[in-house]
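J.: Next comes the structure file coords-v7.cif, holding mmCIF, C-alpha atoms.
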data_data
#
loop_
_atom_site.label_atom_id
_atom_site.label_comp_id
_atom_site.auth_asym_id
_atom_site.auth_seq_id
_atom_site.Cartn_x
_atom_site.Cartn_y
_atom_site.Cartn_z
CA ASP A 627 -5.91 -3.53 -16.34
CA SER A 628 -6.27 -2.46 -19.99
CA GLY A 629 -3.87 -5.10 -21.32
CA VAL A 630 -1.46 -2.45 -22.61
CA THR A 631 1.94 -2.60 -20.94
CA GLN A 632 4.59 0.09 -20.78
CA THR A 633 8.14 0.07 -19.48
CA PRO A 634 9.76 1.57 -17.57
CA LYS A 635 7.27 3.05 -15.12
CA HIS A 636 9.64 5.79 -14.09
CA LEU A 637 12.67 7.31 -15.78
CA ILE A 638 14.99 9.96 -14.41
CA THR A 639 17.66 11.36 -16.68
CA ALA A 640 19.64 14.48 -17.43
CA THR A 641 19.28 17.14 -20.08
CA GLY A 642 20.84 16.22 -23.39
CA GLN A 643 20.38 12.50 -22.87
CA ARG A 644 18.42 9.99 -24.94
CA VAL A 645 15.83 7.52 -23.63
CA THR A 646 13.61 4.79 -25.08
CA LEU A 647 10.10 4.06 -23.89
CA ARG A 648 8.54 0.72 -24.71
CA CYS A 649 4.92 -0.28 -25.25
CA SER A 650 3.25 -3.63 -25.85
CA PRO A 651 -0.31 -3.34 -27.18
CA ARG A 652 -3.26 -5.50 -26.19
CA SER A 653 -3.29 -8.91 -27.79
CA GLY A 654 -4.75 -8.61 -31.28
CA ASP A 655 -4.46 -4.83 -31.51
CA LEU A 656 -2.67 -3.56 -34.62
CA SER A 657 -2.70 0.17 -33.93
CA VAL A 658 -0.48 1.91 -31.39
CA TYR A 659 -0.70 5.55 -30.36
CA TRP A 660 1.65 7.68 -28.25
CA TYR A 661 0.46 10.60 -26.13
CA GLN A 662 2.23 13.08 -23.88
CA GLN A 663 0.58 14.49 -20.76
CA SER A 664 2.02 17.51 -19.03
CA LEU A 665 0.45 19.76 -16.42
CA ASP A 666 0.10 22.74 -18.75
CA GLN A 667 -0.75 20.96 -22.02
CA GLY A 668 -3.00 18.12 -21.01
CA LEU A 669 -3.06 14.96 -23.12
CA GLN A 670 -1.51 15.56 -26.54
CA PHE A 671 -1.31 13.09 -29.41
CA LEU A 672 2.20 12.45 -30.68
CA ILE A 673 2.17 9.68 -33.28
CA GLN A 674 0.32 6.58 -34.46
CA TYR A 675 1.51 3.34 -36.01
CA TYR A 676 -0.66 0.75 -37.66
CA ASN A 677 0.68 -2.73 -38.36
CA GLY A 678 4.25 -1.47 -38.52
CA GLU A 679 3.62 1.63 -40.60
CA GLU A 680 3.46 5.23 -39.46
CA ARG A 681 -0.15 6.35 -39.82
CA ALA A 682 -0.39 9.85 -38.38
CA LYS A 683 1.72 12.48 -36.69
CA GLY A 684 0.60 15.04 -34.17
CA ASN A 685 2.58 17.55 -32.18
CA ILE A 686 5.72 15.45 -32.08
CA LEU A 687 9.07 17.19 -31.88
CA GLU A 688 11.82 16.37 -34.39
CA ARG A 689 13.91 15.15 -31.44
CA PHE A 690 11.32 12.43 -30.88
CA SER A 691 10.84 9.36 -33.05
CA ALA A 692 8.97 6.09 -32.83
CA GLN A 693 8.67 2.75 -34.52
CA GLN A 694 6.52 -0.33 -34.41
CA PHE A 695 8.15 -3.71 -34.72
CA PRO A 696 6.92 -6.90 -36.47
CA ASP A 697 5.68 -8.28 -33.13
CA LEU A 698 3.63 -5.03 -32.89
CA HIS A 699 5.36 -3.61 -29.85
CA SER A 700 6.38 0.01 -30.19
CA GLU A 701 9.19 2.20 -28.94
CA LEU A 702 9.27 5.96 -28.51
CA ASN A 703 12.74 7.48 -28.64
CA LEU A 704 13.34 10.85 -27.05
CA SER A 705 16.70 12.52 -27.67
CA SER A 706 18.51 15.72 -26.69
CA LEU A 707 16.19 15.86 -23.73
CA GLU A 708 15.18 19.19 -22.26
CA LEU A 709 13.62 20.07 -18.92
CA GLY A 710 10.31 20.69 -20.68
CA ASP A 711 10.16 17.09 -21.87
CA SER A 712 9.37 16.00 -18.33
CA ALA A 713 5.89 14.51 -18.55
CA LEU A 714 3.83 11.35 -18.49
CA TYR A 715 4.02 9.42 -21.74
CA PHE A 716 1.16 7.09 -22.54
CA CYS A 717 0.79 4.43 -25.13
CA ALA A 718 -2.65 3.34 -26.31
CA SER A 719 -3.76 0.60 -28.66
CA SER A 720 -6.80 -0.30 -30.68
CA VAL A 721 -7.82 -3.21 -32.85
CA ALA A 722 -7.70 -1.19 -36.05
CA ALA A 723 -7.51 2.43 -37.10
CA GLY A 724 -10.65 4.43 -37.48
CA GLY A 725 -12.86 6.88 -35.65
CA ARG A 726 -14.99 4.21 -33.99
CA GLU A 727 -12.12 2.25 -32.50
CA THR A 728 -11.72 2.53 -28.75
CA GLN A 729 -8.19 3.34 -27.66
CA TYR A 730 -7.07 1.55 -24.51
CA PHE A 731 -4.32 3.23 -22.55
CA GLY A 732 -1.35 1.79 -20.75
CA PRO A 733 -0.18 2.82 -17.26
CA GLY A 734 2.31 5.31 -18.63
CA THR A 735 5.98 6.16 -18.20
CA ARG A 736 6.80 9.11 -15.98
CA LEU A 737 9.85 10.91 -17.36
CA LEU A 738 11.75 13.39 -15.26
CA VAL A 739 14.54 15.36 -16.91
CA LEU A 740 16.91 17.05 -14.47
CA GLU B 1255 -9.46 22.02 -36.02
CA ASP B 1256 -11.36 19.95 -33.48
CA GLN B 1257 -11.83 21.57 -30.08
CA VAL B 1258 -13.01 20.04 -26.83
CA THR B 1259 -13.80 22.05 -23.70
CA GLN B 1260 -14.75 20.58 -20.34
CA SER B 1261 -16.41 22.29 -17.42
CA PRO B 1262 -16.08 22.76 -14.60
CA GLU B 1263 -12.33 22.30 -14.21
CA ALA B 1264 -12.87 21.03 -10.68
CA LEU B 1265 -15.93 19.86 -8.79
CA ARG B 1266 -16.29 19.07 -5.11
CA LEU B 1267 -19.27 17.00 -4.04
CA GLN B 1268 -20.46 15.45 -0.84
CA GLU B 1269 -21.04 11.73 -0.96
CA GLY B 1270 -24.52 11.15 -2.38
CA GLU B 1271 -24.73 14.60 -4.01
CA SER B 1272 -25.53 14.05 -7.70
CA SER B 1273 -24.14 16.34 -10.40
CA SER B 1274 -23.16 16.59 -14.06
CA LEU B 1275 -19.94 17.22 -15.95
CA ASN B 1276 -20.01 18.98 -19.30
CA CYS B 1277 -18.00 18.35 -22.47
CA SER B 1278 -18.53 20.79 -25.34
CA TYR B 1279 -17.04 20.01 -28.72
CA THR B 1280 -16.52 21.62 -32.09
CA VAL B 1281 -15.78 19.16 -34.86
CA SER B 1282 -16.22 19.08 -38.61
CA GLY B 1283 -18.28 15.94 -38.30
CA LEU B 1284 -19.00 13.88 -35.22
CA ARG B 1285 -17.33 10.51 -35.39
CA GLY B 1286 -17.92 9.58 -31.80
CA LEU B 1287 -17.18 10.92 -28.35
CA PHE B 1288 -15.21 9.04 -25.71
CA TRP B 1289 -15.24 9.38 -21.93
CA TYR B 1290 -12.32 8.26 -19.82
CA ARG B 1291 -11.56 8.25 -16.12
CA GLN B 1292 -8.02 8.98 -14.96
CA ASP B 1293 -6.65 8.47 -11.47
CA PRO B 1294 -3.53 10.44 -10.44
CA GLY B 1295 -0.42 9.09 -12.11
CA LYS B 1296 -2.36 6.38 -13.97
CA GLY B 1297 -3.43 5.88 -17.55
CA PRO B 1298 -6.91 6.91 -18.73
CA GLU B 1299 -9.47 4.16 -18.22
CA PHE B 1300 -12.13 3.82 -20.90
CA LEU B 1301 -15.71 4.42 -19.76
CA PHE B 1302 -18.04 5.06 -22.71
CA THR B 1303 -18.29 5.74 -26.40
CA LEU B 1304 -21.24 7.70 -27.80
CA TYR B 1305 -21.77 7.86 -31.54
CA SER B 1306 -24.90 9.85 -32.24
CA ALA B 1307 -27.00 12.62 -30.73
CA GLY B 1308 -29.58 11.27 -28.33
CA GLU B 1309 -27.51 8.24 -27.40
CA GLU B 1310 -27.14 7.39 -23.70
CA LYS B 1311 -24.97 4.86 -21.89
CA GLU B 1312 -24.82 3.86 -18.24
CA LYS B 1313 -22.34 2.16 -15.98
CA GLU B 1314 -22.98 1.90 -12.26
CA ARG B 1315 -23.41 5.48 -11.00
CA LEU B 1316 -22.37 7.07 -14.31
CA LYS B 1317 -24.56 7.98 -17.24
CA ALA B 1318 -23.27 9.64 -20.40
CA THR B 1319 -25.48 11.51 -22.84
CA LEU B 1320 -24.79 13.18 -26.17
CA THR B 1321 -26.28 16.09 -28.10
CA LYS B 1322 -25.07 17.70 -31.32
CA LYS B 1323 -22.88 20.15 -29.43
CA GLU B 1324 -22.06 18.61 -26.07
CA SER B 1325 -21.98 15.57 -23.87
CA PHE B 1326 -22.82 15.23 -20.22
CA LEU B 1327 -21.52 12.77 -17.68
CA HIS B 1328 -24.11 12.47 -14.95
CA ILE B 1329 -22.97 11.09 -11.60
CA THR B 1330 -25.73 9.80 -9.37
CA ALA B 1331 -25.15 9.46 -5.62
CA PRO B 1332 -21.35 9.53 -5.97
CA LYS B 1333 -19.03 7.76 -3.59
CA PRO B 1334 -15.49 8.78 -2.56
CA GLU B 1335 -14.09 6.12 -4.91
CA ASP B 1336 -15.57 8.07 -7.83
CA SER B 1337 -12.99 10.80 -7.18
CA ALA B 1338 -10.83 11.11 -10.30
CA THR B 1339 -10.31 13.27 -13.36
CA TYR B 1340 -12.86 12.64 -16.08
CA LEU B 1341 -11.75 13.25 -19.64
CA CYS B 1342 -13.71 13.44 -22.85
CA ALA B 1343 -12.22 13.15 -26.31
CA VAL B 1344 -13.18 13.14 -29.98
CA PRO B 1345 -11.38 11.32 -32.82
CA ASP B 1346 -10.21 13.07 -35.97
CA ASN B 1347 -11.64 12.29 -39.41
CA ALA B 1348 -9.43 9.28 -39.96
CA GLY B 1349 -9.58 8.10 -36.37
CA ASN B 1350 -5.85 8.53 -36.06
CA MET B 1351 -5.82 10.65 -32.95
CA LEU B 1352 -7.97 11.72 -30.05
CA THR B 1353 -8.33 15.38 -29.11
CA PHE B 1354 -8.89 15.58 -25.37
CA GLY B 1355 -10.55 18.19 -23.24
CA GLY B 1356 -8.73 19.54 -20.22
CA GLY B 1357 -10.68 17.28 -17.89
CA THR B 1358 -12.85 17.76 -14.82
CA ARG B 1359 -11.25 16.88 -11.50
CA LEU B 1360 -13.96 15.40 -9.31
CA MET B 1361 -13.54 15.15 -5.57
CA VAL B 1362 -16.19 13.34 -3.53
CA LYS B 1363 -16.01 13.80 0.22
CA PRO B 1364 -17.48 11.27 2.65
#
Represent the supplied structure as structure tokens.

T.:
Amino acid sequence: DSGVTQTPKHLITATGQRVTLRCSPRSGDLSVYWYQQSLDQGLQFLIQYYNGEERAKGNILERFSAQQFPDLHSELNLSSLELGDSALYFCASSVAAGGRETQYFGPGTRLLVL
Amino acid sequence: EDQVTQSPEALRLQEGESSSLNCSYTVSGLRGLFWYRQDPGKGPEFLFTLYSAGEEKEKERLKATLTKKESFLHITAPKPEDSATYLCAVPDNAGNMLTFGGGTRLMVKP
């Protein structure tokens, strides 16, 4: 158990819908990262927040957005869902931001768009 | 742009048959290399961080080594419970993201 929690574990929805994925980082961690894992793309970085502020963006679609709240939990919002958005979404956290910080991953949310 | 390539894509071993997994990387400046283990449908589990060429780290049957161009994950006398996908990753300059390799799927048969 990494100490990172994610809800829900599974999510089934229809195309065009909007969903929210939630992540609670490890106690004391200020940085939260979101990754998407699909069969054909592997693990891809989406976005990072550090202490409530957006820190970096990766290959995140405009239909996707995220935020980090004062209690440091984070939410990833996916809208206008398409079949291709079906994937595992992972949240990771680290104490700070920086190349030497280990990122600890949560159990993931499996999203299926029908 | 950082690139990480892992080989082989899949590896089948008999229990007790030692082998090595390879992670080749191209980065503008090495800021560390991470190894993770991932079981099907689960989140990546942190194994090791290596920071400089020549560094080695061990954990049970696993040993990770690092050179200037690649890292190896050596598995000694593997057991069926070592079956998983092993991922390596490098952080970007600011440490804001990890670039992952495609992984090596290891299957250990009893």

J.: Counting all atoms listed in the file, which residues from chain B have an atom at most 12 Å from any atom of chain A, and could you show them as a VMD selection string?

T.: chain B and resid 1258 to 1259 1283 to 1306 1339 1341 to 1358

J.: Do you know which residues lie at most 8 Å from (-5.1, -5.3, -33.0), with coordinates as in the file and all atoms listed in the file counted, and could you write them as a ChimeraX atom specification?

T.: /A:651-657,719-722

J.: Atom CA of Gly710 of chain A and atom CA of Val645 of chain A, how far apart in Å?

T.: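 That distance, rounded to one decimal, is 14.6 Å.
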
J.: Evaluate the PyMOL selection byres ((chain B and resi 1330) around 7) and record the selected residues as a PyMOL selection string, following the chain and residue labels used in the document.

T.: chain B and resi 1272-1273+1315-1316+1328-1329+1331-1332

J.: Those selected residues, please, written with C-alpha atoms and delivered as a PDB file, in the coordinates of the input.

T.:
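Dumped to result.pdb:
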ATOM      1  CA  SER B1272     -25.530  14.050  -7.700  1.00  0.00           C
ATOM      2  CA  SER B1273     -24.140  16.340 -10.400  1.00  0.00           C
ATOM      3  CA  ARG B1315     -23.410   5.480 -11.000  1.00  0.00           C
ATOM      4  CA  LEU B1316     -22.370   7.070 -14.310  1.00  0.00           C
ATOM      5  CA  HIS B1328     -24.110  12.470 -14.950  1.00  0.00           C
ATOM      6  CA  ILE B1329     -22.970  11.090 -11.600  1.00  0.00           C
ATOM      7  CA  ALA B1331     -25.150   9.460  -5.620  1.00  0.00           C
ATOM      8  CA  PRO B1332     -21.350   9.530  -5.970  1.00  0.00           C
TER       9      PRO B1332
END

J.: Which residues fall under the PyMOL selection byres ((chain A and resi 699-709) around 7) in this file, as a list in words?

T.: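 That selection, the PyMOL selection byres ((chain A and resi 699-709) around 7), comes back as Thr641, Gly642, Gln643, Arg644, Val645, Thr646, Leu647, Arg648, Cys649, Ser650, Pro651, Arg689, Phe690, Ser691, Ala692, Gln693, Gln694, Phe695, Asp697, Leu698, Gly710, Asp711, Ser712, Val739 and Leu740 of chain A.
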
J.: Assuming the chain letters and numbering stay as they are in my file, what does the PyMOL selection byres ((chain B and resi 1320) around 10) actually select? List them as a CSV table (one decimal) with C-alpha atoms, keeping the file's coordinate frame.

T.:
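Full text of out_36.csv as output:
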chain,number,residue,atom,x,y,z
B,1277,CYS,CA,-18.0,18.4,-22.5
B,1278,SER,CA,-18.5,20.8,-25.3
B,1286,GLY,CA,-17.9,9.6,-31.8
B,1287,LEU,CA,-17.2,10.9,-28.4
B,1303,THR,CA,-18.3,5.7,-26.4
B,1304,LEU,CA,-21.2,7.7,-27.8
B,1305,TYR,CA,-21.8,7.9,-31.5
B,1306,SER,CA,-24.9,9.8,-32.2
B,1307,ALA,CA,-27.0,12.6,-30.7
B,1308,GLY,CA,-29.6,11.3,-28.3
B,1309,GLU,CA,-27.5,8.2,-27.4
B,1310,GLU,CA,-27.1,7.4,-23.7
B,1311,LYS,CA,-25.0,4.9,-21.9
B,1318,ALA,CA,-23.3,9.6,-20.4
B,1319,THR,CA,-25.5,11.5,-22.8
B,1321,THR,CA,-26.3,16.1,-28.1
B,1322,LYS,CA,-25.1,17.7,-31.3
B,1323,LYS,CA,-22.9,20.2,-29.4
B,1324,GLU,CA,-22.1,18.6,-26.1
B,1325,SER,CA,-22.0,15.6,-23.9
B,1326,PHE,CA,-22.8,15.2,-20.2
B,1327,LEU,CA,-21.5,12.8,-17.7
